[in-house]
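I have placed the structure first, in the form of structure tokens, so that the comments after it can refer back to it.
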Amino acid sequence: MLSKLEQILETLEETYGPQKLAGPTDPYEMIVFLNCGYPARDGKCAKGFEALKREVGVQPNKLLAVSKTKLAKLIRPSVILPAVCAQRLKDIARRVKNDLDGDLAATLQKRMDEAKRKAGNGSAEKSLRATKRVLREFPTIGEPSAEKILLFSGLAPIAAVPSAFVDVPIRLFVGEPGKNYAADYVAAREILDSGLPKTFGARQRAYLLLKKHGQEICKRSKPKCEVCPLTAHCAYLQAKAADSNAE
Ligand code: SF4
């Protein structure tokens, strides 16, 4: 028998179809991609990233060779602060080139291998945190983005939660989202971690389907419960119904 989370994901896949990640899966390119749109929506990031790739190239050497003014002009249609975002792209490229041997994926892989070697003596979690810290030192990369990068680049099957849609698993399993985003993120990650196999495929699928549901129906400001296919599973809706019965 399928668990509640598995039933939810099945229903979401029947509703929206299989989902695919927007953008690249190389860690360095994912960071560049996320910084090519501001605010970082998929469509805007894709537009800026494609322009950059086409006109300049995204490799660290290419980004460092071009002027900041040209970078700002290229990404202007996809960001609200072109000069700031151009500087961020320069900073990302410079850090990878100068501090991370020009190869972020290899650096992260080295940290992950270290984590695996230490697994069993209680240090794996610590090493994973250290790997996330490397990512979090890049502009605009917080805990949710660092976990997304590790999950989709195939480095660690973390139960990452789509950062703008943490409310979706919270509503389904807990009820009303809390006032503390970081606490809700941790709670949502725990829900996914305990309910999903520790495989990249299962966790990537869950991430993408929950994100799609947040974009289409379970919207942050006003969820469209009247058209939602998950009403039978939703703790938030059940709590609301119980409240209105009690009135
Ligand atoms: S019933 Fe409403 S709150 Fe629950 S998952 Fe659906 S849209 Fe979100």
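Every chain in the structure tokens has a letter given in the order shown (A, B, ...), and although residue numbers restart at 1 in each chain, ligands are simply numbered from 1 in the order shown.
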
Considering only C-alpha atoms, return as a PyMOL selection string whatever protein or nucleic-acid residues lie within 9 Å of region 91-98 of chain A, sequence-local ones (same chain, fewer than 2 positions apart) excluded.
-> chain A and resi 28+31-32+58-64+86-89+100-104+138-139

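Summary of the local environment: counting only C-alpha atoms, residues at most 10 Å from Ala105 (chain A), other than itself and those fewer than 5 positions away along its chain, are Asp26, Pro27, Tyr28, Glu29, Val96, Leu100, Lys110, Arg111, Leu150, Ser153 and Leu155 of chain A.
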
Filtering to N, CA, C and O atoms, could you give me those residues as a compact mmCIF listing (two decimals), in the first residue's frame?
```
# COMPACT_ATOMS: atom_id res chain seq x y z
N ASP A 26 24.88 21.10 -13.81
CA ASP A 26 26.25 21.25 -13.30
C ASP A 26 26.21 22.29 -12.17
O ASP A 26 25.58 23.34 -12.34
N PRO A 27 26.87 22.03 -11.03
CA PRO A 27 26.74 22.96 -9.89
C PRO A 27 27.12 24.41 -10.22
O PRO A 27 26.40 25.34 -9.84
N TYR A 28 28.24 24.60 -10.92
CA TYR A 28 28.65 25.97 -11.25
C TYR A 28 27.61 26.64 -12.16
O TYR A 28 27.19 27.77 -11.93
N GLU A 29 27.17 25.91 -13.17
CA GLU A 29 26.18 26.49 -14.09
C GLU A 29 24.85 26.74 -13.38
O GLU A 29 24.13 27.69 -13.71
N VAL A 96 35.40 30.66 -8.32
CA VAL A 96 35.63 29.30 -8.85
C VAL A 96 37.02 29.21 -9.46
O VAL A 96 37.76 28.25 -9.23
N LEU A 100 38.73 27.66 -6.13
CA LEU A 100 38.18 26.29 -6.19
C LEU A 100 38.73 25.53 -7.40
O LEU A 100 38.04 24.73 -8.01
N LYS A 110 34.90 16.07 -4.24
CA LYS A 110 35.96 15.74 -3.28
C LYS A 110 35.41 15.78 -1.85
O LYS A 110 35.64 14.90 -1.05
N ARG A 111 34.63 16.83 -1.56
CA ARG A 111 34.03 16.94 -0.22
C ARG A 111 33.05 15.80 0.04
O ARG A 111 32.97 15.27 1.14
N LEU A 150 22.90 20.20 -4.76
CA LEU A 150 23.45 18.87 -4.44
C LEU A 150 22.55 17.76 -4.96
O LEU A 150 23.02 16.73 -5.46
N SER A 153 22.50 17.91 -9.09
CA SER A 153 23.78 17.66 -9.75
C SER A 153 24.24 16.22 -9.49
O SER A 153 25.29 15.80 -9.97
N LEU A 155 25.06 14.89 -6.57
CA LEU A 155 26.11 14.77 -5.55
C LEU A 155 25.60 14.19 -4.23
O LEU A 155 26.32 13.45 -3.56
```

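The interatomic distance for the pair CA of Gly142 (chain A) and CA of Ser163 (chain A) works out to 9.3 Å.
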
Expected answer as a PyMOL selection string: residues within 8 Å of ligand 1, only C-alpha atoms and all ligand atoms | chain A and resi 168-169+171-172+213-214+217-219+223-237

Show which residues sit within 9 Å of Lys211 (chain A), as JSON, numbers by chain. Count only C-alpha atoms, and ignore same-chain residues fewer than 5 positions away.
-> {"A": [161, 162, 163, 164, 165, 166, 168, 206, 216]}

Atoms to include: all heavy atoms. Write the selected residues as a PDB file, in the first residue's frame.
```
ATOM      1  N   VAL A 161      13.689  20.865  -0.600  1.00  0.00           N
ATOM      2  CA  VAL A 161      12.318  21.361  -0.742  1.00  0.00           C
ATOM      3  C   VAL A 161      12.386  22.613  -1.614  1.00  0.00           C
ATOM      4  O   VAL A 161      13.265  23.459  -1.406  1.00  0.00           O
ATOM      5  CB  VAL A 161      11.740  21.757   0.646  1.00  0.00           C
ATOM      6  CG1 VAL A 161      10.281  22.167   0.527  1.00  0.00           C
ATOM      7  CG2 VAL A 161      11.926  20.629   1.643  1.00  0.00           C
ATOM      8  N   PRO A 162      11.493  22.765  -2.612  1.00  0.00           N
ATOM      9  CA  PRO A 162      11.547  23.975  -3.430  1.00  0.00           C
ATOM     10  C   PRO A 162      11.347  25.218  -2.555  1.00  0.00           C
ATOM     11  O   PRO A 162      10.351  25.326  -1.837  1.00  0.00           O
ATOM     12  CB  PRO A 162      10.401  23.797  -4.438  1.00  0.00           C
ATOM     13  CG  PRO A 162       9.615  22.616  -3.988  1.00  0.00           C
ATOM     14  CD  PRO A 162      10.433  21.832  -3.028  1.00  0.00           C
ATOM     15  N   SER A 163      12.315  26.139  -2.621  1.00  0.00           N
ATOM     16  CA  SER A 163      12.386  27.217  -1.623  1.00  0.00           C
ATOM     17  C   SER A 163      11.133  28.096  -1.560  1.00  0.00           C
ATOM     18  O   SER A 163      10.742  28.522  -0.482  1.00  0.00           O
ATOM     19  CB  SER A 163      13.614  28.088  -1.893  1.00  0.00           C
ATOM     20  OG  SER A 163      13.518  28.660  -3.168  1.00  0.00           O
ATOM     21  N   ALA A 164      10.500  28.342  -2.709  1.00  0.00           N
ATOM     22  CA  ALA A 164       9.339  29.232  -2.691  1.00  0.00           C
ATOM     23  C   ALA A 164       8.040  28.479  -2.386  1.00  0.00           C
ATOM     24  O   ALA A 164       6.971  29.082  -2.323  1.00  0.00           O
ATOM     25  CB  ALA A 164       9.221  29.944  -4.038  1.00  0.00           C
ATOM     26  N   PHE A 165       8.150  27.144  -2.189  1.00  0.00           N
ATOM     27  CA  PHE A 165       6.925  26.353  -2.032  1.00  0.00           C
ATOM     28  C   PHE A 165       6.972  25.425  -0.820  1.00  0.00           C
ATOM     29  O   PHE A 165       6.376  24.357  -0.815  1.00  0.00           O
ATOM     30  CB  PHE A 165       6.659  25.564  -3.328  1.00  0.00           C
ATOM     31  CG  PHE A 165       6.619  26.456  -4.529  1.00  0.00           C
ATOM     32  CD1 PHE A 165       7.713  26.535  -5.382  1.00  0.00           C
ATOM     33  CD2 PHE A 165       5.532  27.278  -4.769  1.00  0.00           C
ATOM     34  CE1 PHE A 165       7.706  27.403  -6.472  1.00  0.00           C
ATOM     35  CE2 PHE A 165       5.510  28.147  -5.840  1.00  0.00           C
ATOM     36  CZ  PHE A 165       6.599  28.202  -6.701  1.00  0.00           C
ATOM     37  N   VAL A 166       7.655  25.892   0.200  1.00  0.00           N
ATOM     38  CA  VAL A 166       7.740  25.136   1.458  1.00  0.00           C
ATOM     39  C   VAL A 166       6.340  24.930   2.050  1.00  0.00           C
ATOM     40  O   VAL A 166       6.062  23.918   2.702  1.00  0.00           O
ATOM     41  CB  VAL A 166       8.645  25.914   2.448  1.00  0.00           C
ATOM     42  CG1 VAL A 166       8.580  25.361   3.842  1.00  0.00           C
ATOM     43  CG2 VAL A 166      10.086  25.901   1.928  1.00  0.00           C
ATOM     44  N   VAL A 168       3.702  24.020   0.672  1.00  0.00           N
ATOM     45  CA  VAL A 168       2.932  22.896   0.119  1.00  0.00           C
ATOM     46  C   VAL A 168       3.026  21.651   1.021  1.00  0.00           C
ATOM     47  O   VAL A 168       1.985  21.166   1.502  1.00  0.00           O
ATOM     48  CB  VAL A 168       3.354  22.590  -1.346  1.00  0.00           C
ATOM     49  CG1 VAL A 168       2.581  21.402  -1.890  1.00  0.00           C
ATOM     50  CG2 VAL A 168       3.150  23.820  -2.226  1.00  0.00           C
ATOM     51  N   ALA A 206       9.875  14.278  -6.410  1.00  0.00           N
ATOM     52  CA  ALA A 206       9.059  14.930  -5.374  1.00  0.00           C
ATOM     53  C   ALA A 206       9.259  16.443  -5.412  1.00  0.00           C
ATOM     54  O   ALA A 206       8.298  17.221  -5.355  1.00  0.00           O
ATOM     55  CB  ALA A 206       9.428  14.373  -4.003  1.00  0.00           C
ATOM     56  N   GLU A 216       0.926  26.163  -9.481  1.00  0.00           N
ATOM     57  CA  GLU A 216      -0.372  26.126 -10.157  1.00  0.00           C
ATOM     58  C   GLU A 216      -1.576  26.271  -9.229  1.00  0.00           C
ATOM     59  O   GLU A 216      -2.531  26.956  -9.556  1.00  0.00           O
ATOM     60  CB  GLU A 216      -0.516  24.786 -10.929  1.00  0.00           C
ATOM     61  CG  GLU A 216       0.538  24.552 -11.993  1.00  0.00           C
ATOM     62  CD  GLU A 216       0.436  25.537 -13.163  1.00  0.00           C
ATOM     63  OE1 GLU A 216      -0.679  25.988 -13.454  1.00  0.00           O
ATOM     64  OE2 GLU A 216       1.484  25.848 -13.754  1.00  0.00           O
TER      65      GLU A 216
END
```

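As for CA of Gly178 (chain A) and CA of Gln19 (chain A), they are spaced 28.0 Å apart.
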
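Atom pair CA of Ala187 (chain A) / CA of Arg203 (chain A): separated by 15.8 Å.
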
Minimum-distance residue to Cys85 (chain A), chosen among A:Arg220, A:Val66, A:Glu10, A:Tyr38 (using only C-alpha atoms) | A:Tyr38

As a PyMOL selection string, which residues of region 4-239 of chain A does DSSP assign to alpha helix (DSSP H)?
-> chain A and resi 4-16+27-34+42-55+60-65+68-75+82-99+104-118+124-136+143-152+167-173+181-195+200-216+235-239

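With only C-alpha atoms as the basis for measurement, A:Asp193 is the residue among A:Glu114, A:Glu13, A:Asp193, A:Asp42 that approaches Pro157 (chain A) most closely.
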